[in-house]
>>> print(open('input_35.txt').read())   # compact mmCIF, C-alpha atoms and all ligand atoms
# COMPACT_ATOMS: atom_id res chain seq x y z
CA MET A 1 -20.78 -8.51 -22.65
CA LYS A 2 -20.20 -6.22 -19.77
CA PHE A 3 -17.54 -6.49 -17.09
CA LEU A 4 -16.02 -4.44 -14.29
CA HIS A 5 -12.28 -4.22 -13.80
CA CYS A 6 -10.83 -3.38 -10.38
CA ALA A 7 -7.47 -3.94 -8.71
CA ASP A 8 -5.44 -3.24 -5.58
CA ILE A 9 -8.19 -3.61 -3.01
CA HIS A 10 -5.73 -4.28 -0.17
CA LEU A 11 -8.23 -5.77 2.28
CA GLY A 12 -6.69 -6.05 5.73
CA LYS A 13 -4.85 -2.75 5.45
CA THR A 14 -5.23 -0.43 8.41
CA LEU A 15 -3.32 2.37 10.10
CA GLY A 16 -1.95 1.84 13.58
CA GLY A 17 -4.62 -0.80 14.23
CA ASN A 18 -7.44 1.68 13.56
CA LYS A 19 -10.69 -0.29 13.08
CA GLU A 20 -12.44 2.39 11.07
CA ARG A 21 -9.56 2.61 8.64
CA TYR A 22 -9.61 -1.19 8.31
CA LYS A 23 -13.32 -1.02 7.40
CA ASP A 24 -12.74 1.70 4.77
CA PHE A 25 -11.12 -0.81 2.41
CA PHE A 26 -14.04 -3.23 2.76
CA TYR A 27 -16.52 -0.41 2.34
CA ALA A 28 -14.92 0.73 -0.93
CA PHE A 29 -14.92 -2.84 -2.24
CA SER A 30 -18.55 -3.36 -1.21
CA ARG A 31 -19.46 -0.34 -3.36
CA VAL A 32 -17.84 -2.06 -6.36
CA ILE A 33 -19.70 -5.27 -5.63
CA LYS A 34 -23.00 -3.42 -5.35
CA LEU A 35 -22.29 -1.76 -8.70
CA ALA A 36 -21.56 -5.16 -10.26
CA ILE A 37 -24.84 -6.62 -9.03
CA ASP A 38 -26.96 -3.54 -9.84
CA GLU A 39 -25.51 -3.32 -13.35
CA LYS A 40 -25.90 -7.07 -13.89
CA ILE A 41 -22.42 -7.43 -15.30
CA ASP A 42 -21.29 -10.74 -16.80
CA PHE A 43 -18.11 -11.00 -14.73
CA MET A 44 -15.64 -8.99 -12.70
CA ILE A 45 -11.87 -8.82 -13.09
CA MET A 46 -9.66 -8.29 -10.03
CA ALA A 47 -6.11 -7.66 -11.25
CA GLY A 48 -4.17 -8.52 -8.10
CA ASP A 49 -3.59 -7.37 -4.51
CA LEU A 50 -6.99 -8.34 -3.15
CA PHE A 51 -5.24 -8.46 0.22
CA GLN A 52 -2.76 -6.22 1.96
CA GLU A 53 -0.61 -9.21 2.82
CA GLY A 54 -0.35 -12.90 2.05
CA SER A 55 -0.74 -13.91 5.69
CA ILE A 56 -3.99 -12.14 6.47
CA ALA A 57 -5.70 -12.27 9.87
CA PRO A 58 -8.56 -14.78 10.31
CA SER A 59 -11.08 -11.94 10.70
CA THR A 60 -9.92 -10.39 7.41
CA LEU A 61 -10.72 -13.68 5.68
CA ALA A 62 -14.14 -13.84 7.38
CA ASP A 63 -14.93 -10.23 6.41
CA THR A 64 -13.81 -10.94 2.83
CA ILE A 65 -16.06 -13.97 2.51
CA GLU A 66 -18.97 -11.96 3.85
CA ILE A 67 -18.41 -9.24 1.28
CA LEU A 68 -18.04 -11.73 -1.61
CA GLU A 69 -21.12 -13.77 -0.72
CA PRO A 70 -23.64 -11.60 -2.69
CA MET A 71 -21.52 -12.04 -5.84
CA LYS A 72 -21.61 -15.80 -5.39
CA GLN A 73 -25.38 -15.66 -4.85
CA ALA A 74 -25.80 -13.50 -7.97
CA LYS A 75 -23.61 -15.99 -9.89
CA ILE A 76 -21.30 -13.25 -11.16
CA PRO A 77 -17.83 -14.78 -11.41
CA ILE A 78 -14.81 -12.83 -10.21
CA ILE A 79 -11.77 -13.65 -12.34
CA ALA A 80 -8.73 -12.85 -10.22
CA ILE A 81 -4.96 -13.04 -10.27
CA GLU A 82 -2.55 -12.77 -7.36
CA GLY A 83 -0.58 -9.57 -6.88
CA ASN A 84 2.69 -9.28 -5.03
CA HIS A 85 0.78 -8.61 -1.80
CA ASP A 86 -1.30 -11.78 -2.06
CA LEU A 87 1.46 -14.39 -1.97
CA PHE A 88 1.45 -16.42 1.21
CA ARG A 89 4.83 -16.10 2.91
CA ARG A 90 6.52 -15.60 -0.43
CA ARG A 91 5.38 -19.03 -1.64
CA LYS A 92 4.35 -18.84 -5.28
CA ASP A 93 1.98 -21.82 -4.97
CA GLU A 94 -0.03 -20.65 -1.94
CA SER A 95 -2.44 -17.79 -1.40
CA TRP A 96 -5.76 -17.08 0.25
CA LEU A 97 -7.06 -16.31 -3.25
CA HIS A 98 -6.64 -19.98 -4.04
CA PHE A 99 -8.63 -20.82 -0.91
CA LEU A 100 -11.40 -18.44 -2.08
CA SER A 101 -11.24 -19.99 -5.54
CA ARG A 102 -11.65 -23.49 -4.09
CA ARG A 103 -14.66 -22.29 -2.11
CA GLY A 104 -16.29 -20.81 -5.22
CA TYR A 105 -15.93 -17.12 -4.34
CA LEU A 106 -13.68 -16.37 -7.29
CA LYS A 107 -11.80 -18.03 -10.11
CA LEU A 108 -8.05 -17.82 -9.74
CA LEU A 109 -5.93 -17.56 -12.86
CA ARG A 110 -2.26 -18.40 -12.56
CA PRO A 111 0.05 -19.73 -15.29
CA THR A 112 2.19 -22.79 -14.62
CA MET A 113 5.86 -21.98 -14.28
CA HIS A 114 8.50 -24.42 -15.44
CA ALA A 115 11.45 -22.60 -13.96
CA ARG A 116 14.09 -25.17 -14.88
CA GLU A 117 13.06 -25.23 -18.51
CA GLY A 118 12.57 -21.50 -18.56
CA ARG A 119 9.02 -21.95 -19.78
CA ILE A 120 5.56 -20.67 -18.86
CA GLU A 121 2.48 -22.71 -19.61
CA PHE A 122 -1.13 -21.57 -19.78
CA GLN A 123 -3.46 -24.43 -18.96
CA PRO A 124 -7.25 -24.16 -19.14
CA TYR A 125 -8.98 -23.40 -15.87
CA ASP A 126 -9.58 -26.60 -13.95
CA GLU A 127 -12.69 -26.52 -11.74
CA GLU A 128 -11.41 -29.33 -9.55
CA ASN A 129 -8.13 -27.64 -8.66
CA ALA A 130 -9.73 -24.20 -8.83
CA VAL A 131 -6.83 -22.73 -10.78
CA GLY A 132 -5.70 -22.39 -14.37
CA GLY A 133 -3.99 -20.10 -16.83
CA TRP A 134 -7.06 -19.09 -18.83
CA ILE A 135 -10.83 -19.35 -18.80
CA ASP A 136 -13.70 -18.76 -21.24
CA ILE A 137 -16.65 -16.74 -19.95
CA ASN A 138 -19.58 -16.36 -22.37
CA GLY A 139 -17.27 -16.66 -25.35
CA LEU A 140 -14.55 -14.31 -24.11
CA ARG A 141 -11.16 -15.85 -23.41
CA ILE A 142 -9.48 -14.40 -20.34
CA CYS A 143 -5.85 -15.09 -19.65
CA GLY A 144 -4.14 -14.57 -16.26
CA ILE A 145 -0.59 -13.40 -16.91
CA GLY A 146 0.27 -12.83 -13.23
CA TYR A 147 3.02 -10.90 -11.48
CA TYR A 148 6.73 -11.38 -12.14
CA GLY A 149 8.42 -8.77 -9.96
CA ALA A 150 11.97 -7.90 -10.86
CA ALA A 151 11.93 -10.48 -13.70
CA THR A 152 8.93 -8.91 -15.43
CA ASN A 153 10.64 -8.05 -18.72
CA GLN A 154 11.98 -11.55 -19.45
CA MET A 155 8.94 -13.36 -18.07
CA LEU A 156 6.48 -11.31 -20.06
CA ALA A 157 8.32 -12.25 -23.24
CA LEU A 158 8.15 -15.94 -22.24
CA ALA A 159 4.45 -15.62 -21.43
CA LEU A 160 3.71 -14.16 -24.87
CA ASP A 161 5.33 -17.22 -26.48
CA SER A 162 2.87 -19.61 -24.89
CA LEU A 163 -0.45 -17.78 -24.76
CA PRO A 164 -3.59 -19.81 -25.46
CA ASP A 165 -5.27 -19.37 -28.86
CA LYS A 166 -6.97 -16.05 -29.49
CA PRO A 167 -7.29 -14.58 -26.02
CA ASP A 168 -9.47 -11.48 -25.67
CA ILE A 169 -8.49 -10.21 -22.26
CA GLY A 170 -5.19 -10.37 -20.36
CA ILE A 171 -4.83 -9.74 -16.64
CA PHE A 172 -1.43 -8.56 -15.53
CA HIS A 173 -0.13 -7.27 -12.21
CA GLY A 174 2.54 -4.87 -13.41
CA GLY A 175 2.79 -1.33 -14.61
CA VAL A 176 3.78 0.63 -17.65
CA TRP A 177 6.64 2.94 -16.90
CA HIS A 178 5.98 6.33 -18.22
CA GLU A 179 6.39 9.76 -16.83
CA HIS A 180 3.26 9.90 -14.69
CA ILE A 181 3.70 6.70 -12.77
CA LEU A 182 7.42 6.02 -12.95
CA LYS A 183 7.84 6.93 -9.32
CA LEU A 184 5.10 4.65 -8.06
CA ILE A 185 6.34 1.36 -9.42
CA LYS A 186 9.72 -0.05 -8.49
CA PHE A 187 9.26 -3.68 -9.43
CA GLY A 188 6.94 -5.19 -11.97
CA GLY A 189 7.28 -2.35 -14.41
CA VAL A 190 7.62 -2.54 -18.17
CA THR A 191 8.38 0.19 -20.68
CA PRO A 192 5.82 1.37 -23.25
CA ASP A 193 7.89 -0.48 -25.90
CA GLU A 194 7.51 -3.72 -24.00
CA ILE A 195 3.79 -3.41 -23.40
CA MET A 196 2.74 -2.52 -26.96
CA PRO A 197 3.32 -6.08 -28.39
CA LEU A 198 0.58 -7.25 -26.02
CA LYS A 199 -1.88 -5.20 -28.02
CA GLU A 200 -1.52 -7.75 -30.82
CA HIS A 201 -2.80 -10.44 -28.49
CA PHE A 202 -5.34 -8.74 -26.25
CA ARG A 203 -8.19 -6.39 -26.92
CA TYR A 204 -8.19 -5.38 -23.30
CA LEU A 205 -5.29 -5.65 -20.86
CA ALA A 206 -6.46 -5.39 -17.25
CA LEU A 207 -3.63 -4.01 -15.15
CA GLY A 208 -3.06 -3.77 -11.42
CA HIS A 209 -0.10 -2.80 -9.22
CA GLY A 210 0.19 0.94 -9.85
CA HIS A 211 -2.00 2.61 -7.25
CA ARG A 212 -2.91 5.61 -9.39
CA PRO A 213 -5.22 5.22 -12.40
CA TYR A 214 -3.85 5.42 -15.95
CA SER A 215 -4.35 3.86 -19.34
CA TYR A 216 -1.97 3.16 -22.17
CA GLY A 217 -2.22 2.59 -25.90
CA GLU A 218 -6.03 2.45 -25.81
CA PHE A 219 -5.95 -1.15 -24.64
CA ALA A 220 -4.10 -1.29 -21.28
CA TYR A 221 -6.04 0.06 -18.32
CA ASN A 222 -5.00 0.43 -14.69
CA PRO A 223 -7.74 1.48 -12.25
CA GLY A 224 -5.42 2.11 -9.29
CA ALA A 225 -6.15 1.36 -5.65
CA LEU A 226 -9.70 1.83 -4.38
CA GLU A 227 -8.52 3.39 -1.13
CA VAL A 228 -5.25 5.15 -0.27
CA VAL A 229 -2.79 2.41 0.69
CA ASN A 230 0.35 4.52 1.07
CA ARG A 231 0.30 8.19 1.91
CA GLU A 232 2.20 9.22 -1.24
CA GLU A 233 -0.81 8.10 -3.28
CA ALA A 234 -3.15 10.60 -1.66
CA ASN A 235 -3.72 13.36 -4.14
CA ARG A 236 -6.54 15.72 -3.35
CA GLU A 237 -6.54 17.12 -6.89
CA ASP A 238 -7.88 13.73 -8.02
CA GLY A 239 -10.71 14.08 -5.53
CA ASP A 240 -11.47 11.63 -2.75
CA ARG A 241 -12.30 8.71 -5.00
CA GLY A 242 -10.90 5.51 -6.41
CA CYS A 243 -11.70 4.17 -9.84
CA VAL A 244 -12.91 1.05 -11.63
CA TYR A 245 -13.57 0.45 -15.34
CA MET A 246 -16.86 -0.68 -16.82
CA VAL A 247 -16.07 -2.34 -20.14
CA GLU A 248 -18.56 -3.30 -22.80
CA MET A 249 -17.43 -5.64 -25.56
CA ASP A 250 -19.80 -6.22 -28.40
CA GLY A 251 -18.49 -7.85 -31.56
CA LYS A 252 -15.43 -5.86 -32.50
CA ASN A 253 -16.43 -2.78 -30.52
CA MET A 254 -15.20 -1.95 -27.06
CA LYS A 255 -16.34 0.83 -24.77
CA VAL A 256 -14.42 1.64 -21.58
CA GLU A 257 -16.06 3.86 -19.01
CA THR A 258 -14.37 5.13 -15.84
CA LEU A 259 -16.53 4.90 -12.73
CA TYR A 260 -15.62 6.47 -9.42
CA ILE A 261 -15.87 5.00 -5.96
CA PRO A 262 -15.87 7.47 -3.06
CA ARG A 263 -13.05 7.10 -0.55
CA ARG A 264 -12.14 8.67 2.76
CA PRO A 265 -10.47 12.11 2.56
CA TYR A 266 -6.77 11.72 3.13
CA LEU A 267 -4.85 14.78 4.26
CA ASN A 268 -1.12 14.97 3.74
CA ILE A 269 -0.20 18.21 5.45
CA ARG A 270 3.25 19.70 5.58
CA THR A 271 3.93 22.63 7.87
CA ASP A 272 7.18 24.50 7.42
CA VAL A 273 8.26 26.02 10.75
CA GLU A 274 11.66 27.21 9.53
CA GLY A 275 13.31 29.65 11.94
CA ALA A 276 10.87 29.17 14.83
CA ASN A 277 12.43 30.19 18.15
CA ASP A 278 10.29 28.08 20.45
CA PHE A 279 7.37 25.68 20.55
CA SER A 280 4.71 28.39 20.78
CA GLU A 281 5.82 29.78 17.41
CA VAL A 282 5.56 26.28 15.93
CA MET A 283 2.10 25.94 17.42
CA GLU A 284 0.97 29.22 15.88
CA LYS A 285 2.02 28.17 12.37
CA CYS A 286 0.45 24.77 12.78
CA ILE A 287 -2.89 26.15 13.93
CA ALA A 288 -2.97 28.57 10.99
CA GLN A 289 -2.58 25.62 8.62
CA LEU A 290 -5.17 23.48 10.36
CA LYS A 291 -7.68 26.34 10.07
CA VAL A 292 -7.37 26.28 6.27
CA LYS A 293 -8.11 22.55 6.24
CA LYS A 294 -10.98 22.97 8.67
CA ASP A 295 -12.63 25.43 6.27
CA ASP A 296 -12.12 23.23 3.18
CA PRO A 297 -15.66 22.29 2.02
CA THR A 298 -14.40 19.34 -0.03
CA ILE A 299 -13.51 17.46 3.15
CA ASN A 300 -16.95 16.03 3.79
CA LYS A 301 -16.06 13.08 5.98
CA ARG A 302 -13.73 12.51 8.94
CA PRO A 303 -10.29 12.40 7.28
CA VAL A 304 -7.05 10.51 7.80
CA LEU A 305 -4.34 12.98 8.78
CA MET A 306 -0.65 12.58 8.02
CA TRP A 307 1.23 15.61 9.15
CA ASP A 308 4.88 16.53 8.60
CA ILE A 309 6.42 19.34 10.60
CA VAL A 310 9.56 20.41 8.76
CA GLY A 311 12.25 23.11 8.81
CA LYS A 312 15.25 24.16 10.81
CA VAL A 313 14.38 25.61 14.20
CA ASN A 314 16.35 27.58 16.77
CA PHE A 315 15.72 25.20 19.64
CA GLU A 316 15.99 21.50 20.37
CA SER A 317 13.51 19.82 18.04
CA TYR A 318 12.43 17.30 20.69
CA GLU A 319 10.93 20.23 22.61
CA ILE A 320 8.16 20.21 20.00
CA ASP A 321 5.27 18.72 21.90
CA VAL A 322 3.94 16.28 19.31
CA ASP A 323 1.18 15.04 21.62
CA ARG A 324 -0.17 18.54 22.04
CA LEU A 325 -0.07 19.15 18.29
CA LYS A 326 -1.91 15.91 17.78
CA GLN A 327 -4.57 16.84 20.32
CA THR A 328 -5.04 20.21 18.61
CA ALA A 329 -5.43 18.49 15.25
CA MET A 330 -7.92 16.02 16.74
CA ASP A 331 -9.96 18.89 18.19
CA MET A 332 -9.96 20.93 14.98
CA LEU A 333 -10.30 18.31 12.21
CA ASP A 334 -11.64 15.26 14.04
CA PRO A 335 -9.64 12.76 11.95
CA ILE A 336 -10.22 9.02 12.39
CA HIS A 337 -6.47 8.65 12.64
CA ALA A 338 -3.59 11.12 12.86
CA GLU A 339 0.15 10.71 12.65
CA ILE A 340 2.58 13.53 13.18
CA PHE A 341 6.15 13.40 11.98
CA ASN A 342 8.51 15.85 13.63
CA GLN A 343 11.11 16.29 10.93
CA THR A 344 12.53 19.55 12.17
CA SER A 345 16.19 19.90 12.95
CA LEU A 346 18.21 22.30 15.03
CA ILE A 347 20.11 25.16 13.45
CA ARG A 348 23.55 24.97 14.99
CA SER A 349 26.24 27.56 14.78
CA SER A 350 29.38 25.83 13.56
CA ARG A 351 31.34 26.65 16.72
CA ASP A 352 29.26 24.10 18.62
CA TYR A 353 30.92 21.34 16.73
CA HIS A 354 34.45 22.68 17.03
CA GLY A 355 34.28 23.27 20.76
CA GLU A 356 36.38 20.76 22.68
CA SER A 357 33.80 20.59 25.43
CA GLU A 358 31.44 18.76 23.12
CA ASN A 359 32.80 15.27 22.86
CA MET A 360 31.74 12.73 20.26
CA ASP A 361 29.45 10.88 22.67
CA THR A 362 27.33 13.97 23.25
CA ILE A 363 26.98 14.60 19.55
CA PHE A 364 26.18 10.95 18.96
CA ARG A 365 23.55 10.94 21.70
CA GLU A 366 21.89 14.13 20.43
CA THR A 367 21.79 12.97 16.83
CA ILE A 368 20.37 9.55 17.69
CA LEU A 369 17.81 11.01 20.08
CA GLU A 370 16.57 13.33 17.36
CA LEU A 371 16.16 10.40 14.97
CA ILE A 372 14.28 8.31 17.54
CA GLN A 373 11.96 11.14 18.46
CA ALA A 374 11.14 11.86 14.84
CA ASN A 375 8.84 8.83 15.09
CA PRO A 376 5.93 9.43 17.48
CA LEU A 377 5.75 5.71 18.26
CA TYR A 378 9.15 5.80 19.94
CA ARG A 379 8.94 9.13 21.69
CA GLU A 380 7.75 7.79 25.01
CA LYS A 381 10.61 5.31 25.18
CA SER A 382 13.22 7.50 23.51
CA GLY A 383 15.48 7.65 26.59
CA ASP A 384 15.51 3.86 26.97
CA ILE A 385 16.03 3.29 23.26
CA LEU A 386 18.87 5.81 23.21
CA ASP A 387 20.59 4.02 26.10
CA LEU A 388 20.20 0.71 24.35
CA ILE A 389 21.66 2.00 21.09
CA PHE A 390 24.53 3.52 23.02
CA ASP A 391 25.23 0.26 24.83
CA LEU A 392 24.96 -1.70 21.60
CA LYS A 393 27.49 0.58 19.97
CA ARG A 394 29.92 0.00 22.85
CA GLU A 395 29.24 -3.71 22.78
CA VAL A 396 29.97 -3.93 19.04
CA ILE A 397 33.20 -1.99 19.41
CA GLU A 398 34.43 -3.89 22.47
CA ASN A 399 33.15 -7.30 21.47
CA LYS A 400 36.36 -8.72 20.02
CA GLU A 401 35.09 -12.28 19.66
CA ASN A 402 32.33 -11.02 17.39
CA ASP A 403 29.80 -12.83 19.54
CA ARG A 404 26.52 -12.07 17.80
CA ASP A 405 24.37 -13.96 20.28
CA ARG A 406 25.50 -11.70 23.09
CA ILE A 407 24.33 -8.66 21.15
CA ILE A 408 21.00 -10.25 20.28
CA ASP A 409 20.61 -11.23 23.94
CA LEU A 410 21.23 -7.67 24.97
CA ILE A 411 18.44 -6.45 22.68
CA HIS A 412 16.01 -9.08 23.97
CA THR A 413 16.71 -8.43 27.65
CA ARG A 414 16.29 -4.70 27.23
CA ARG A 415 13.14 -5.07 25.19
CA THR A 416 11.58 -7.16 27.93
CA LYS A 417 12.53 -4.46 30.39
CA PHE A 418 10.88 -1.75 28.24
CA ASP A 419 7.71 -3.82 28.11
CA GLU A 420 7.74 -4.36 31.89
CA LYS A 421 8.20 -0.66 32.41
CA LEU A 422 5.26 0.14 30.15
CA GLN A 423 3.16 -2.53 31.85
CA ASN A 424 3.85 -0.98 35.25
CA LYS A 425 2.85 2.39 33.89
CA GLN A 426 -0.46 1.04 32.61
CA ASP A 427 -1.22 -0.77 35.86
MN MN B 1 -1.04 -2.98 -4.69
>>> encode(input="input_35.txt", output="structure tokens")
Amino acid sequence: MKFLHCADIHLGKTLGGNKERYKDFFYAFSRVIKLAIDEKIDFMIMAGDLFQEGSIAPSTLADTIEILEPMKQAKIPIIAIEGNHDLFRRRKDESWLHFLSRRGYLKLLRPTMHAREGRIEFQPYDEENAVGGWIDINGLRICGIGYYGAATNQMLALALDSLPDKPDIGIFHGGVWHEHILKLIKFGGVTPDEIMPLKEHFRYLALGHGHRPYSYGEFAYNPGALEVVNREEANREDGDRGCVYMVEMDGKNMKVETLYIPRRPYLNIRTDVEGANDFSEVMEKCIAQLKVKKDDPTINKRPVLMWDIVGKVNFESYEIDVDRLKQTAMDMLDPIHAEIFNQTSLIRSSRDYHGESENMDTIFRETILELIQANPLYREKSGDILDLIFDLKREVIENKENDRDRIIDLIHTRRTKFDEKLQNKQD
């Protein structure tokens, strides 16, 4: 018996609407599917987060069906559970995975929750409803444990009380908290002490949720995300690749092999411009750093670029021309997508704040403007947004009747005006 285990595919994810980035996630998944078909595996496990969000776009669904079709043709079942990202508008009984299961593209495992009785039930997979708690494939019993979020510890204990007889494989969207991944998982985490009892029940525990690969106790395996979903996950020391597991179970023996799936290079650059006196000094430091990246032979494909400019500077930080920096980066590295975060701040001598000439409004305006301009998306409209925030502040202070609708109205009216202004610009 041979199966592939993958997780956290996040189809539908993109960056600022970038089409190429959107396709990267499908491309990575298509490599896994090709591997499955070439290796003639018996089944595939997808341990949650097939999609980036529960309410995916129609085209994401169409692209997904297209990519799954060869698996259906090859009659290789995909046994899947829902991750936190797959739930449709936070409804626990609806997901596009269930739709795919009903259409024969996968088999969705989901235990039945009896919330009032505080009980979890694992029912056999029911072809008609295209859902169930467990399924037998060629003599292996696979059990879908699911995702329990903040309630993971209690729910996992309940789940263990009602497992079907002699399961071989468990699928669980949740992570083991230990030093390497602690930071990556906020909800859905269990401690090593809580995960070890599962070893008595399962020979293999297929995990999802943590986006970096790890294994625990020689039975729990987490492949991580195929592509970089959030920038913190990008780690060039790991190489530009995601991972899946090829597992062979034969009698009592089990062999787990890690296979790598190439992914797009993802550059997280941080340039420290501490002490710069003007924009040209910032530019100089930035170009020096870009040159290093340009010469890096391991970047063999157009990268994604996420660039932080940090440090205290001796001039107003909004004078940093983010658009020009971006253009320079585009020219030098040719990324498919680049985002620049101006996180510099002004070094002020303390007398500036004590001077009576500087009233609170000026300080307020400067501080807020800096915050708005830190995000490149808002830079163009920073003046308008600043005015709005300023007016809102006054409105909140002066609005004695606590009339919320008036404040919401104010936001709506101004927003419409921003849009009109932009529209005029484009025309
Ligand atoms: Mn995920």
>>> residues_around(input="input_35.txt", residues="Asp24 (chain A)", least_positions_apart="5", cutoff="10 Å", atoms="all atoms listed in the file", output="short mmCIF file (atom, residue, chain, number, x, y, z; two decimals) with C-alpha atoms, in the frame of the given file")
data_model
loop_
_atom_site.label_atom_id
_atom_site.label_comp_id
_atom_site.auth_asym_id
_atom_site.auth_seq_id
_atom_site.Cartn_x
_atom_site.Cartn_y
_atom_site.Cartn_z
CA LEU A 11 -8.23 -5.77 2.28
CA GLY A 12 -6.69 -6.05 5.73
CA LYS A 13 -4.85 -2.75 5.45
CA THR A 14 -5.23 -0.43 8.41
CA LYS A 19 -10.69 -0.29 13.08
CA PHE A 29 -14.92 -2.84 -2.24
CA SER A 30 -18.55 -3.36 -1.21
CA LEU A 226 -9.70 1.83 -4.38
CA GLU A 227 -8.52 3.39 -1.13
CA VAL A 228 -5.25 5.15 -0.27
CA ARG A 263 -13.05 7.10 -0.55
CA ARG A 264 -12.14 8.67 2.76
#
>>> closest_residue(input="input_35.txt", among="A:Ala225, A:Val292, A:Leu50, A:Ile320", to="Asn277 (chain A)", atoms="all atoms listed in the file")
A:Ile320
>>> closest_residue(input="input_35.txt", among="A:Gly224, A:Asn18, A:Gln73, A:Cys6", to="ligand MN 1 (chain B)", atoms="all atoms listed in the file")
A:Gly224
>>> residues_around(input="input_35.txt", residues="Lys326 (chain A)", least_positions_apart="4", cutoff="7 Å", atoms="only C-alpha atoms", output="CSV table (one decimal) with C-alpha atoms, in the frame of the given file")
chain,number,residue,atom,x,y,z
A,322,VAL,CA,3.9,16.3,19.3
A,330,MET,CA,-7.9,16.0,16.7
A,340,ILE,CA,2.6,13.5,13.2
>>> axis_aligned_box(input="input_35.txt", around="region 26-30 of chain A", padding_each_side="8 Å", output="lines of an AutoDock Vina configuration file")
center_x = -16.3
center_y = -1.3
center_z = 0.3
size_x = 20.5
size_y = 20.1
size_z = 21.0
>>> residues_near_ligand(input="input_35.txt", ligand="ligand MN 1 (chain B)", cutoff="6 Å", atoms="only C-alpha atoms and all ligand atoms", output="list of chain:residue names")
A:Asp8, A:Asp49, A:His209
>>> write_last_selection(input="input_35.txt", atoms="C-alpha atoms", output="mmCIF file, in the coordinates of the input")
data_model
loop_
_atom_site.group_PDB
_atom_site.id
_atom_site.type_symbol
_atom_site.label_atom_id
_atom_site.label_comp_id
_atom_site.auth_asym_id
_atom_site.auth_seq_id
_atom_site.Cartn_x
_atom_site.Cartn_y
_atom_site.Cartn_z
ATOM 1 C CA ASP A 8 -5.440 -3.240 -5.580
ATOM 2 C CA ASP A 49 -3.590 -7.370 -4.510
ATOM 3 C CA HIS A 209 -0.100 -2.800 -9.220
#
>>> atom_distance(input="input_35.txt", atom1="CA of Asn268 (chain A)", atom2="CA of Trp307 (chain A)")
5.9 Å
>>> atom_distance(input="input_35.txt", atom1="CA of Asp391 (chain A)", atom2="CA of Arg414 (chain A)")
10.5 Å
>>> residues_around(input="input_35.txt", residues="Lys40 (chain A)", least_positions_apart="6", cutoff="10 Å", atoms="all atoms listed in the file", output="ChimeraX atom specification")
/A:2-3,34,74,76
>>> closest_residue(input="input_35.txt", among="A:Leu377, A:Asn399, A:Leu369, A:Val313", to="Glu339 (chain A)", atoms="all atoms listed in the file")
A:Leu377
>>> atom_distance(input="input_35.txt", atom1="CA of Gly170 (chain A)", atom2="CA of Ile142 (chain A)")
5.9 Å
>>> closest_residue(input="input_35.txt", among="A:Pro77, A:Gly118, A:Pro335, A:Pro223", to="Leu100 (chain A)", atoms="all atoms listed in the file")
A:Pro77
>>> residues_around(input="input_35.txt", residues="Ile135 (chain A)", least_positions_apart="4", cutoff="9 Å", atoms="only C-alpha atoms", output="ChimeraX atom specification")
/A:79,107,109,123-126,140-144
>>> residues_around(input="input_35.txt", residues="region 188-195 of chain A", least_positions_apart="5", cutoff="12 Å", atoms="only C-alpha atoms", output="VMD selection string")
chain A and resid 83 to 84 146 to 157 160 170 172 to 179 181 to 183 200 to 202 205 207 to 210 215 to 221
>>> write_last_selection(input="input_35.txt", atoms="C-alpha atoms", output="compact mmCIF listing (two decimals), in the frame of the given file")
# COMPACT_ATOMS: atom_id res chain seq x y z
CA GLY A 83 -0.58 -9.57 -6.88
CA ASN A 84 2.69 -9.28 -5.03
CA GLY A 146 0.27 -12.83 -13.23
CA TYR A 147 3.02 -10.90 -11.48
CA TYR A 148 6.73 -11.38 -12.14
CA GLY A 149 8.42 -8.77 -9.96
CA ALA A 150 11.97 -7.90 -10.86
CA ALA A 151 11.93 -10.48 -13.70
CA THR A 152 8.93 -8.91 -15.43
CA ASN A 153 10.64 -8.05 -18.72
CA GLN A 154 11.98 -11.55 -19.45
CA MET A 155 8.94 -13.36 -18.07
CA LEU A 156 6.48 -11.31 -20.06
CA ALA A 157 8.32 -12.25 -23.24
CA LEU A 160 3.71 -14.16 -24.87
CA GLY A 170 -5.19 -10.37 -20.36
CA PHE A 172 -1.43 -8.56 -15.53
CA HIS A 173 -0.13 -7.27 -12.21
CA GLY A 174 2.54 -4.87 -13.41
CA GLY A 175 2.79 -1.33 -14.61
CA VAL A 176 3.78 0.63 -17.65
CA TRP A 177 6.64 2.94 -16.90
CA HIS A 178 5.98 6.33 -18.22
CA GLU A 179 6.39 9.76 -16.83
CA ILE A 181 3.70 6.70 -12.77
CA LEU A 182 7.42 6.02 -12.95
CA LYS A 183 7.84 6.93 -9.32
CA GLU A 200 -1.52 -7.75 -30.82
CA HIS A 201 -2.80 -10.44 -28.49
CA PHE A 202 -5.34 -8.74 -26.25
CA LEU A 205 -5.29 -5.65 -20.86
CA LEU A 207 -3.63 -4.01 -15.15
CA GLY A 208 -3.06 -3.77 -11.42
CA HIS A 209 -0.10 -2.80 -9.22
CA GLY A 210 0.19 0.94 -9.85
CA SER A 215 -4.35 3.86 -19.34
CA TYR A 216 -1.97 3.16 -22.17
CA GLY A 217 -2.22 2.59 -25.90
CA GLU A 218 -6.03 2.45 -25.81
CA PHE A 219 -5.95 -1.15 -24.64
CA ALA A 220 -4.10 -1.29 -21.28
CA TYR A 221 -6.04 0.06 -18.32
>>> closest_residue(input="input_35.txt", among="A:Met246, A:Leu97, A:Ile411, A:Ala329", to="Val32 (chain A)", atoms="only C-alpha atoms")
A:Met246
